[in-house]
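Asks: Let me give you the structure first, and then I'll get to my questions.
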Amino acid sequence: MNLEKRVLVTGGTGLVGKAIETVVKEEKQTGAHEVLNETWIFCGSKDADLRDKVETDALFEKHKPTHVIHLAAMVGGLFHNMAHNLDFFRDNMSINDNVLHASYKYKVVKVVSCLSTCIFPDNVTYPIDETMIHNGEPHTSNFGYSYAKRMIDVLNRGYHEQHGCLFTSVVPCNVFGPHDNFSPSCGHVIPALIRRMDDAMRNEEKTFTVWGSGKPLRQFIYSLDIAKLFLWTMRNYDSIEPLILSVDEEDEVSIAAAAEAIKHALGFEGRLLFDTGRADGQHKKTASNKKLRSLFAPEFTPFHLAVRDTVAWFRDHRDTARL
Ligand code: NAP
Ligand code: GDP
């Protein structure tokens, strides 16, 4: 019999946390959890403000996790980052320091924390791999978020060297799916475009304006696909070295192509325009999933199907979604 695992998911109410919850529920129906002997606990900011050390410790005291998937963070799209770099840095530094120190104090066996492919150096050779995280300045648009995320890797190394802890990190590319943040000012490009284009349709507009040139390239992963990779990592990956969780390099799409896919899924019949007066952010951040593929055979939902399902979820949940 496996020893009981109590898995605490911080950020359990967000895009990735909800996707992990969905996959865990599906697994439960197969009875797999009795064999794995896992209990899952999903927490959001109402359970504890993880910027606060006392609240963080109380959360760990209450749940006594043996494993932690640490997702909680101040998260946002390009334009939210550009306007709030200081807040992104301070909030995420506090959250990460509190969660990892509580994990150490409460003797958590493994922590899987979350970096992002947007934290890599701006001036870099492609494809990006796991060895390049600290090799140069991040893009100026999101330096606060990037440096705070990079410090997770520094903390992981420190806890391993001084205390032998198995605290590791994964590096997702752009994620989207049900439960995303669809706010035009705060959200990432796919949910923001879905929301804004849906509004344009409701207002019977004949054109829709995509922000920026539409030329930047992104690797997008469906939240339910990355949720499965998080579960695999938590159960099987025993190194403190970061692991990129991304779709393949050839699956990278332009922002213009992503906007076309959303237009198709929504059924918008107007014309797309591009506002080049708005920022483009990083041109690309093409990441290699070679290391992941050497360990595991991931399955990725085709982009247009994931967009279709996300649009369907948004339409069904417009009243309760984050707008
Ligand atoms: P999200 O939907 O915005 O969810 C963020 C989560 O963090 C929510 O559960 C939120 O709780 C929680 N949270 C925020 N501030 C908190 C605080 N002070 N105390 C406690 N909990 C707090 O974000 P996501 O997209 O799922 O992101 C999950 C992780 O993936 C993050 O670490 C992010 O950096 C990383 N990531 C995301 C992407 C992407 O494209 N979305 C790409 C790469 C990496 P409440 O909702 O209850 O307030
Ligand atoms: P990033 O991948 O970290 O840069 O963040 P985003 O998910 O916010 O994507 C930003 C890219 O999408 C930039 O090239 C923006 O110019 C472009 N974009 C186009 N329209 C929108 C929009 O409505 N919201 C956002 N966030 N980005 C948009």
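Residues are referred to by chain and number: the chain letter is A, B, ... according to the order shown in the structure tokens, the number counts from 1 in that chain, and ligands are numbered separately from 1 in the order shown.
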Give me, as a list in words, all polymer residues having an atom no more than 9 Å from Lys291 (chain A), counting only C-alpha atoms and skipping those fewer than 6 positions away in the same chain.

Replies: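 Those residues are Asp129, Glu130, Leu243 and Ile244 of chain A.
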
Asks: Using only C-alpha atoms, please write the residues we just selected to a file, as a PDB file, in the first residue's frame.

Replies:
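The result, stored in again30.pdb:
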ATOM      1  CA  ASP A 129      15.666  25.232 -22.728  1.00  0.00           C
ATOM      2  CA  GLU A 130      15.705  24.715 -18.968  1.00  0.00           C
ATOM      3  CA  LEU A 243      11.075  21.121 -16.415  1.00  0.00           C
ATOM      4  CA  ILE A 244       9.472  22.898 -19.391  1.00  0.00           C
TER       5      ILE A 244
END

Asks: Around ligand 1, which protein and nucleic acid residues have at least one atom no more than 7 Å from it, if we count only C-alpha atoms and all ligand atoms? List them as a PDB file with N, CA and C atoms, in the first residue's frame.

Replies:
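File produced: selection-v6.pdb:
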ATOM      1  N   THR A  10      -2.071  25.159  -4.031  1.00  0.00           N
ATOM      2  CA  THR A  10      -2.280  26.603  -3.855  1.00  0.00           C
ATOM      3  C   THR A  10      -2.695  27.151  -5.219  1.00  0.00           C
ATOM      4  N   GLY A  11      -3.491  28.213  -5.225  1.00  0.00           N
ATOM      5  CA  GLY A  11      -3.996  28.686  -6.528  1.00  0.00           C
ATOM      6  C   GLY A  11      -4.993  27.706  -7.109  1.00  0.00           C
ATOM      7  N   GLY A  12      -5.624  26.922  -6.230  1.00  0.00           N
ATOM      8  CA  GLY A  12      -6.527  25.854  -6.670  1.00  0.00           C
ATOM      9  C   GLY A  12      -7.840  26.345  -7.246  1.00  0.00           C
ATOM     10  N   THR A  13      -8.113  27.664  -7.142  1.00  0.00           N
ATOM     11  CA  THR A  13      -9.357  28.216  -7.684  1.00  0.00           C
ATOM     12  C   THR A  13      -9.150  28.883  -9.051  1.00  0.00           C
ATOM     13  N   GLY A  14      -7.912  28.874  -9.570  1.00  0.00           N
ATOM     14  CA  GLY A  14      -7.624  29.575 -10.823  1.00  0.00           C
ATOM     15  C   GLY A  14      -7.707  28.672 -12.042  1.00  0.00           C
ATOM     16  N   LEU A  15      -7.207  29.186 -13.155  1.00  0.00           N
ATOM     17  CA  LEU A  15      -7.255  28.465 -14.442  1.00  0.00           C
ATOM     18  C   LEU A  15      -6.612  27.076 -14.342  1.00  0.00           C
ATOM     19  N   VAL A  16      -5.367  27.028 -13.891  1.00  0.00           N
ATOM     20  CA  VAL A  16      -4.652  25.747 -13.846  1.00  0.00           C
ATOM     21  C   VAL A  16      -5.174  24.886 -12.694  1.00  0.00           C
ATOM     22  N   GLY A  17      -5.439  25.524 -11.541  1.00  0.00           N
ATOM     23  CA  GLY A  17      -5.932  24.776 -10.377  1.00  0.00           C
ATOM     24  C   GLY A  17      -7.255  24.079 -10.668  1.00  0.00           C
ATOM     25  N   CYS A  43      -7.011  25.157  -2.656  1.00  0.00           N
ATOM     26  CA  CYS A  43      -7.200  26.396  -1.892  1.00  0.00           C
ATOM     27  C   CYS A  43      -7.082  27.634  -2.774  1.00  0.00           C
ATOM     28  N   GLY A  44      -7.870  28.645  -2.438  1.00  0.00           N
ATOM     29  CA  GLY A  44      -7.755  29.946  -3.096  1.00  0.00           C
ATOM     30  C   GLY A  44      -7.395  31.011  -2.080  1.00  0.00           C
ATOM     31  N   SER A  45      -7.437  32.269  -2.509  1.00  0.00           N
ATOM     32  CA  SER A  45      -7.002  33.343  -1.604  1.00  0.00           C
ATOM     33  C   SER A  45      -7.958  33.533  -0.432  1.00  0.00           C
ATOM     34  N   LYS A  46      -9.209  33.037  -0.556  1.00  0.00           N
ATOM     35  CA  LYS A  46     -10.132  33.157   0.583  1.00  0.00           C
ATOM     36  C   LYS A  46      -9.708  32.213   1.714  1.00  0.00           C
ATOM     37  N   ALA A  48      -6.521  31.481   2.457  1.00  0.00           N
ATOM     38  CA  ALA A  48      -5.373  32.129   3.092  1.00  0.00           C
ATOM     39  C   ALA A  48      -4.770  33.108   2.099  1.00  0.00           C
ATOM     40  N   ASP A  49      -4.437  34.311   2.591  1.00  0.00           N
ATOM     41  CA  ASP A  49      -3.684  35.232   1.749  1.00  0.00           C
ATOM     42  C   ASP A  49      -2.213  34.848   1.903  1.00  0.00           C
ATOM     43  N   LEU A  50      -1.677  34.230   0.877  1.00  0.00           N
ATOM     44  CA  LEU A  50      -0.327  33.653   0.994  1.00  0.00           C
ATOM     45  C   LEU A  50       0.773  34.720   0.979  1.00  0.00           C
ATOM     46  N   ARG A  51       0.386  35.991   0.816  1.00  0.00           N
ATOM     47  CA  ARG A  51       1.385  37.057   0.999  1.00  0.00           C
ATOM     48  C   ARG A  51       1.664  37.238   2.485  1.00  0.00           C
ATOM     49  N   HIS A  70       2.268  24.238  -6.120  1.00  0.00           N
ATOM     50  CA  HIS A  70       2.180  25.659  -5.784  1.00  0.00           C
ATOM     51  C   HIS A  70       1.938  26.496  -7.053  1.00  0.00           C
ATOM     52  N   LEU A  71       0.674  26.893  -7.209  1.00  0.00           N
ATOM     53  CA  LEU A  71       0.261  27.683  -8.381  1.00  0.00           C
ATOM     54  C   LEU A  71      -0.039  29.132  -8.019  1.00  0.00           C
ATOM     55  N   ALA A  72      -0.346  29.403  -6.753  1.00  0.00           N
ATOM     56  CA  ALA A  72      -0.843  30.736  -6.372  1.00  0.00           C
ATOM     57  C   ALA A  72       0.151  31.809  -6.790  1.00  0.00           C
ATOM     58  N   ALA A  73      -0.366  32.830  -7.431  1.00  0.00           N
ATOM     59  CA  ALA A  73       0.492  33.929  -7.888  1.00  0.00           C
ATOM     60  C   ALA A  73      -0.380  35.076  -8.341  1.00  0.00           C
ATOM     61  N   MET A  74       0.213  36.268  -8.359  1.00  0.00           N
ATOM     62  CA  MET A  74      -0.406  37.370  -9.092  1.00  0.00           C
ATOM     63  C   MET A  74      -0.079  37.093 -10.556  1.00  0.00           C
ATOM     64  N   VAL A  75      -1.124  36.938 -11.378  1.00  0.00           N
ATOM     65  CA  VAL A  75      -0.968  36.506 -12.773  1.00  0.00           C
ATOM     66  C   VAL A  75      -1.708  37.484 -13.663  1.00  0.00           C
ATOM     67  N   GLY A  76      -1.191  37.748 -14.860  1.00  0.00           N
ATOM     68  CA  GLY A  76      -1.926  38.626 -15.767  1.00  0.00           C
ATOM     69  C   GLY A  76      -1.285  38.660 -17.139  1.00  0.00           C
ATOM     70  N   ASP A  91       4.308  40.938  -4.585  1.00  0.00           N
ATOM     71  CA  ASP A  91       3.320  39.915  -4.187  1.00  0.00           C
ATOM     72  C   ASP A  91       3.870  38.511  -4.420  1.00  0.00           C
ATOM     73  N   ILE A  95       4.561  35.577  -1.656  1.00  0.00           N
ATOM     74  CA  ILE A  95       3.828  34.305  -1.750  1.00  0.00           C
ATOM     75  C   ILE A  95       4.826  33.137  -1.820  1.00  0.00           C
ATOM     76  N   CYS A 114       5.581  26.777  -9.955  1.00  0.00           N
ATOM     77  CA  CYS A 114       5.287  27.129 -11.341  1.00  0.00           C
ATOM     78  C   CYS A 114       6.069  28.359 -11.798  1.00  0.00           C
ATOM     79  N   LEU A 115       6.920  28.184 -12.800  1.00  0.00           N
ATOM     80  CA  LEU A 115       7.569  29.329 -13.457  1.00  0.00           C
ATOM     81  C   LEU A 115       6.752  29.625 -14.719  1.00  0.00           C
ATOM     82  N   SER A 116       7.374  30.171 -15.773  1.00  0.00           N
ATOM     83  CA  SER A 116       6.652  30.464 -17.019  1.00  0.00           C
ATOM     84  C   SER A 116       7.685  30.686 -18.116  1.00  0.00           C
ATOM     85  N   THR A 117       7.344  30.367 -19.354  1.00  0.00           N
ATOM     86  CA  THR A 117       8.329  30.597 -20.424  1.00  0.00           C
ATOM     87  C   THR A 117       8.567  32.085 -20.675  1.00  0.00           C
ATOM     88  N   VAL A 171       7.831  24.767 -16.002  1.00  0.00           N
ATOM     89  CA  VAL A 171       7.851  26.011 -16.772  1.00  0.00           C
ATOM     90  C   VAL A 171       6.823  25.909 -17.904  1.00  0.00           C
ATOM     91  N   PRO A 172       5.568  26.300 -17.638  1.00  0.00           N
ATOM     92  CA  PRO A 172       4.552  26.207 -18.692  1.00  0.00           C
ATOM     93  C   PRO A 172       4.700  27.302 -19.747  1.00  0.00           C
ATOM     94  N   CYS A 173       4.289  26.989 -20.982  1.00  0.00           N
ATOM     95  CA  CYS A 173       4.102  28.037 -21.992  1.00  0.00           C
ATOM     96  C   CYS A 173       2.753  28.706 -21.708  1.00  0.00           C
ATOM     97  N   ASN A 174       2.220  29.506 -22.632  1.00  0.00           N
ATOM     98  CA  ASN A 174       0.929  30.191 -22.385  1.00  0.00           C
ATOM     99  C   ASN A 174      -0.203  29.171 -22.227  1.00  0.00           C
ATOM    100  N   VAL A 175      -0.951  29.297 -21.130  1.00  0.00           N
ATOM    101  CA  VAL A 175      -2.047  28.366 -20.832  1.00  0.00           C
ATOM    102  C   VAL A 175      -3.384  29.072 -21.088  1.00  0.00           C
ATOM    103  N   PHE A 176      -4.399  28.331 -21.529  1.00  0.00           N
ATOM    104  CA  PHE A 176      -5.755  28.890 -21.625  1.00  0.00           C
ATOM    105  C   PHE A 176      -6.758  27.761 -21.472  1.00  0.00           C
ATOM    106  N   HIS A 179     -12.370  28.603 -16.913  1.00  0.00           N
ATOM    107  CA  HIS A 179     -12.005  29.275 -15.653  1.00  0.00           C
ATOM    108  C   HIS A 179     -10.878  30.291 -15.817  1.00  0.00           C
ATOM    109  N   ASP A 180     -10.519  30.637 -17.037  1.00  0.00           N
ATOM    110  CA  ASP A 180      -9.470  31.649 -17.235  1.00  0.00           C
ATOM    111  C   ASP A 180      -9.995  33.014 -16.791  1.00  0.00           C
ATOM    112  N   ASN A 181      -9.095  33.985 -16.787  1.00  0.00           N
ATOM    113  CA  ASN A 181      -9.477  35.359 -16.468  1.00  0.00           C
ATOM    114  C   ASN A 181      -9.784  36.086 -17.792  1.00  0.00           C
ATOM    115  N   HIS A 188      -4.896  37.251 -20.145  1.00  0.00           N
ATOM    116  CA  HIS A 188      -3.967  36.912 -21.217  1.00  0.00           C
ATOM    117  C   HIS A 188      -4.692  37.011 -22.560  1.00  0.00           C
TER     118      HIS A 188
END

Asks: Could you tell me how far atom 6 (P, counted along the ligand's line) of ligand 2 lies from CA of Ala259 (chain A), in Å and to one decimal?

Replies: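 Between atom 6 (P, counted along the ligand's line) of ligand 2 and CA of Ala259 (chain A) the gap works out to 12.3 Å.
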
Asks: Env of Asp248 (chain A): 9 Å cut, atoms = only C-alpha atoms, seq-sep filter 2 positions within chain, self excluded. Answer as a list in words.

Replies: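 The contact residues come out as Gln219, Ser246, Glu250, Asp251, Glu252, Ala287, Ser288, Asn289 and Lys290 of chain A.
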
Asks: May I have the selected residues written with C-alpha atoms, as a compact mmCIF listing (two decimals), in the first residue's frame?

Replies:
# COMPACT_ATOMS: atom_id res chain seq x y z
CA GLN A 219 3.03 28.32 -27.79
CA SER A 246 5.02 23.06 -23.46
CA GLU A 250 6.16 23.61 -34.56
CA ASP A 251 2.80 24.22 -32.82
CA GLU A 252 3.69 27.86 -32.16
CA ALA A 287 10.63 26.72 -25.81
CA SER A 288 11.84 23.17 -26.32
CA ASN A 289 9.88 20.30 -24.73
CA LYS A 290 12.70 17.85 -25.51

Asks: Quick one: which chain A residues come within 6 Å of ligand 2, and what is the nearest atom pair for each with the distance in Å to one decimal, counting only C-alpha atoms and all ligand atoms, rows ordered by chain and ascending number, as a tab-separated table?

Replies:
residue	atom	partner	partner_atom_place_in_ligand_line	distance
A:Gly77	CA	ligand 2	8 (O)	3.3
A:Leu78	CA	ligand 2	8 (O)	3.8
A:Phe79	CA	ligand 2	26 (N)	5.8
A:Cys118	CA	ligand 2	3 (O)	5.7
A:Pro184	CA	ligand 2	23 (O)	5.8
A:Gly187	CA	ligand 2	26 (N)	5.5
A:His188	CA	ligand 2	7 (O)	3.5
A:Val189	CA	ligand 2	25 (C)	3.7
A:Ala192	CA	ligand 2	23 (O)	4.7
A:Leu193	CA	ligand 2	23 (O)	4.8
A:Val210	CA	ligand 2	20 (N)	4.4
A:Trp211	CA	ligand 2	20 (N)	3.8
A:Gly212	CA	ligand 2	16 (O)	3.9
A:Pro216	CA	ligand 2	14 (O)	5.2
A:Ile255	CA	ligand 2	12 (O)	5.8
A:Ala279	CA	ligand 2	16 (O)	5.1
A:Asp280	CA	ligand 2	14 (O)	3.7
A:Gly281	CA	ligand 2	4 (O)	5.1
A:Gln282	CA	ligand 2	4 (O)	5.9

Asks: Export, as a PDB file, in the first residue's frame, the selected residues with N, CA and C atoms.

Replies:
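Writing the result to again_29.pdb gives the following:
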ATOM      1  N   GLY A  77      -2.003  39.236 -18.094  1.00  0.00           N
ATOM      2  CA  GLY A  77      -1.499  39.361 -19.456  1.00  0.00           C
ATOM      3  C   GLY A  77      -0.503  40.507 -19.575  1.00  0.00           C
ATOM      4  N   LEU A  78      -0.019  40.688 -20.794  1.00  0.00           N
ATOM      5  CA  LEU A  78       1.017  41.682 -21.086  1.00  0.00           C
ATOM      6  C   LEU A  78       0.687  43.065 -20.525  1.00  0.00           C
ATOM      7  N   PHE A  79      -0.547  43.543 -20.758  1.00  0.00           N
ATOM      8  CA  PHE A  79      -0.859  44.935 -20.416  1.00  0.00           C
ATOM      9  C   PHE A  79      -0.990  45.125 -18.908  1.00  0.00           C
ATOM     10  N   CYS A 118       7.708  32.973 -20.109  1.00  0.00           N
ATOM     11  CA  CYS A 118       7.940  34.400 -20.353  1.00  0.00           C
ATOM     12  C   CYS A 118       8.997  34.992 -19.426  1.00  0.00           C
ATOM     13  N   PRO A 184     -10.597  42.096 -20.090  1.00  0.00           N
ATOM     14  CA  PRO A 184      -9.788  42.727 -21.152  1.00  0.00           C
ATOM     15  C   PRO A 184      -8.546  43.423 -20.599  1.00  0.00           C
ATOM     16  N   GLY A 187      -6.482  40.057 -18.356  1.00  0.00           N
ATOM     17  CA  GLY A 187      -6.339  38.692 -18.862  1.00  0.00           C
ATOM     18  C   GLY A 187      -5.233  38.526 -19.892  1.00  0.00           C
ATOM     19  N   HIS A 188      -4.896  37.251 -20.145  1.00  0.00           N
ATOM     20  CA  HIS A 188      -3.967  36.912 -21.217  1.00  0.00           C
ATOM     21  C   HIS A 188      -4.692  37.011 -22.560  1.00  0.00           C
ATOM     22  N   VAL A 189      -3.913  36.878 -23.630  1.00  0.00           N
ATOM     23  CA  VAL A 189      -4.454  37.219 -24.950  1.00  0.00           C
ATOM     24  C   VAL A 189      -5.689  36.389 -25.334  1.00  0.00           C
ATOM     25  N   ALA A 192      -8.823  37.289 -23.196  1.00  0.00           N
ATOM     26  CA  ALA A 192      -9.162  38.702 -23.434  1.00  0.00           C
ATOM     27  C   ALA A 192      -9.781  38.879 -24.817  1.00  0.00           C
ATOM     28  N   LEU A 193      -9.222  38.182 -25.808  1.00  0.00           N
ATOM     29  CA  LEU A 193      -9.787  38.299 -27.165  1.00  0.00           C
ATOM     30  C   LEU A 193     -11.185  37.687 -27.222  1.00  0.00           C
ATOM     31  N   VAL A 210      -7.583  43.752 -32.817  1.00  0.00           N
ATOM     32  CA  VAL A 210      -6.599  42.978 -32.044  1.00  0.00           C
ATOM     33  C   VAL A 210      -5.523  43.967 -31.623  1.00  0.00           C
ATOM     34  N   TRP A 211      -5.053  43.861 -30.392  1.00  0.00           N
ATOM     35  CA  TRP A 211      -4.027  44.801 -29.919  1.00  0.00           C
ATOM     36  C   TRP A 211      -2.643  44.350 -30.404  1.00  0.00           C
ATOM     37  N   GLY A 212      -1.819  45.322 -30.826  1.00  0.00           N
ATOM     38  CA  GLY A 212      -0.484  45.008 -31.340  1.00  0.00           C
ATOM     39  C   GLY A 212      -0.553  44.609 -32.807  1.00  0.00           C
ATOM     40  N   PRO A 216       3.606  38.649 -33.131  1.00  0.00           N
ATOM     41  CA  PRO A 216       4.303  37.809 -32.144  1.00  0.00           C
ATOM     42  C   PRO A 216       3.818  36.361 -32.184  1.00  0.00           C
ATOM     43  N   ILE A 255      -0.201  35.635 -33.011  1.00  0.00           N
ATOM     44  CA  ILE A 255      -1.377  36.229 -32.357  1.00  0.00           C
ATOM     45  C   ILE A 255      -2.494  36.417 -33.399  1.00  0.00           C
ATOM     46  N   ALA A 279       1.297  47.683 -27.505  1.00  0.00           N
ATOM     47  CA  ALA A 279       2.536  46.895 -27.385  1.00  0.00           C
ATOM     48  C   ALA A 279       2.362  45.471 -27.927  1.00  0.00           C
ATOM     49  N   ASP A 280       3.455  44.944 -28.455  1.00  0.00           N
ATOM     50  CA  ASP A 280       3.519  43.546 -28.907  1.00  0.00           C
ATOM     51  C   ASP A 280       4.090  42.633 -27.823  1.00  0.00           C
ATOM     52  N   GLY A 281       4.840  43.213 -26.878  1.00  0.00           N
ATOM     53  CA  GLY A 281       5.547  42.378 -25.896  1.00  0.00           C
ATOM     54  C   GLY A 281       6.675  41.606 -26.573  1.00  0.00           C
ATOM     55  N   GLN A 282       7.046  40.474 -25.970  1.00  0.00           N
ATOM     56  CA  GLN A 282       8.132  39.659 -26.552  1.00  0.00           C
ATOM     57  C   GLN A 282       7.696  39.179 -27.929  1.00  0.00           C
TER      58      GLN A 282
END

Asks: Could you pull out the alpha helix (DSSP H) residues of region 129-270 of chain A from DSSP and send them as a PyMOL selection string?

Replies: chain A and resi 143-163+189-202+223-236+255-266

Asks: Might you pull out every residue within 9 Å of Val311 (chain A), with only C-alpha atoms counted and same-chain residues fewer than 3 positions away left off, and present them as an NGL selection string?

Replies: :A and (177-178 or 191 or 194 or 262 or 265-266 or 306-308 or 314-316)

Asks: Keeping only N, CA, C and O atoms, write those residues as a PDB file, in the first residue's frame.

Replies:
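That gives us out_28.pdb:
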ATOM      1  N   GLY A 177      -8.017  28.137 -21.156  1.00  0.00           N
ATOM      2  CA  GLY A 177      -9.054  27.116 -21.012  1.00  0.00           C
ATOM      3  C   GLY A 177     -10.171  27.615 -20.120  1.00  0.00           C
ATOM      4  O   GLY A 177     -10.242  28.810 -19.782  1.00  0.00           O
ATOM      5  N   PRO A 178     -11.072  26.708 -19.702  1.00  0.00           N
ATOM      6  CA  PRO A 178     -12.159  27.071 -18.791  1.00  0.00           C
ATOM      7  C   PRO A 178     -11.600  27.701 -17.510  1.00  0.00           C
ATOM      8  O   PRO A 178     -10.496  27.370 -17.079  1.00  0.00           O
ATOM      9  N   PRO A 191      -8.150  34.557 -23.538  1.00  0.00           N
ATOM     10  CA  PRO A 191      -9.405  34.923 -22.866  1.00  0.00           C
ATOM     11  C   PRO A 191      -9.807  36.378 -23.126  1.00  0.00           C
ATOM     12  O   PRO A 191     -11.000  36.677 -23.281  1.00  0.00           O
ATOM     13  N   ILE A 194     -11.385  36.551 -26.540  1.00  0.00           N
ATOM     14  CA  ILE A 194     -12.717  35.918 -26.541  1.00  0.00           C
ATOM     15  C   ILE A 194     -13.745  36.892 -25.970  1.00  0.00           C
ATOM     16  O   ILE A 194     -14.803  37.139 -26.538  1.00  0.00           O
ATOM     17  N   ILE A 262     -10.211  32.207 -32.838  1.00  0.00           N
ATOM     18  CA  ILE A 262     -11.275  32.663 -31.922  1.00  0.00           C
ATOM     19  C   ILE A 262     -12.460  33.197 -32.730  1.00  0.00           C
ATOM     20  O   ILE A 262     -13.622  32.904 -32.420  1.00  0.00           O
ATOM     21  N   ALA A 265     -14.340  30.226 -33.942  1.00  0.00           N
ATOM     22  CA  ALA A 265     -15.073  29.531 -32.869  1.00  0.00           C
ATOM     23  C   ALA A 265     -16.288  30.339 -32.408  1.00  0.00           C
ATOM     24  O   ALA A 265     -17.336  29.776 -32.083  1.00  0.00           O
ATOM     25  N   LEU A 266     -16.150  31.664 -32.381  1.00  0.00           N
ATOM     26  CA  LEU A 266     -17.277  32.509 -31.951  1.00  0.00           C
ATOM     27  C   LEU A 266     -18.299  32.715 -33.062  1.00  0.00           C
ATOM     28  O   LEU A 266     -19.461  33.050 -32.806  1.00  0.00           O
ATOM     29  N   ALA A 306      -9.223  23.124 -28.672  1.00  0.00           N
ATOM     30  CA  ALA A 306      -9.129  23.723 -27.335  1.00  0.00           C
ATOM     31  C   ALA A 306      -9.762  25.113 -27.335  1.00  0.00           C
ATOM     32  O   ALA A 306     -10.458  25.498 -26.381  1.00  0.00           O
ATOM     33  N   VAL A 307      -9.564  25.872 -28.411  1.00  0.00           N
ATOM     34  CA  VAL A 307     -10.192  27.207 -28.519  1.00  0.00           C
ATOM     35  C   VAL A 307     -11.712  27.041 -28.583  1.00  0.00           C
ATOM     36  O   VAL A 307     -12.459  27.743 -27.890  1.00  0.00           O
ATOM     37  N   ARG A 308     -12.172  26.078 -29.393  1.00  0.00           N
ATOM     38  CA  ARG A 308     -13.621  25.833 -29.514  1.00  0.00           C
ATOM     39  C   ARG A 308     -14.223  25.515 -28.138  1.00  0.00           C
ATOM     40  O   ARG A 308     -15.243  26.072 -27.734  1.00  0.00           O
ATOM     41  N   PHE A 314     -16.914  29.594 -22.068  1.00  0.00           N
ATOM     42  CA  PHE A 314     -17.159  31.016 -21.792  1.00  0.00           C
ATOM     43  C   PHE A 314     -18.633  31.355 -22.013  1.00  0.00           C
ATOM     44  O   PHE A 314     -19.262  32.039 -21.200  1.00  0.00           O
ATOM     45  N   ARG A 315     -19.191  30.867 -23.108  1.00  0.00           N
ATOM     46  CA  ARG A 315     -20.599  31.177 -23.400  1.00  0.00           C
ATOM     47  C   ARG A 315     -21.527  30.588 -22.339  1.00  0.00           C
ATOM     48  O   ARG A 315     -22.518  31.206 -21.957  1.00  0.00           O
ATOM     49  N   ASP A 316     -21.182  29.401 -21.844  1.00  0.00           N
ATOM     50  CA  ASP A 316     -22.029  28.777 -20.811  1.00  0.00           C
ATOM     51  C   ASP A 316     -21.874  29.437 -19.443  1.00  0.00           C
ATOM     52  O   ASP A 316     -22.719  29.250 -18.572  1.00  0.00           O
TER      53      ASP A 316
END

Asks: Got a sec: who's within 8 Å of Leu273 (chain A), counting only C-alpha atoms, leaving out chain neighbours fewer than 3 positions off, as JSON, numbers by chain?

Replies: {"A": [207, 208, 209, 210]}

Asks: Rounded to one decimal in Å, what is the spacing between CA of Lys28 (chain A) and CA of Lys228 (chain A)?

Replies: 13.7 Å

Asks: When you look at region 147-163 of chain A with a cut-off of 9 Å (counting only C-alpha atoms), what residues show up, excluding the ones that are within fewer than 6 positions of it in the same chain? I need them as a PyMOL selection string.

Replies: chain A and resi 88-93+96-97+100-101+104+113-116+119-120+133-134+137-138+169+240-242
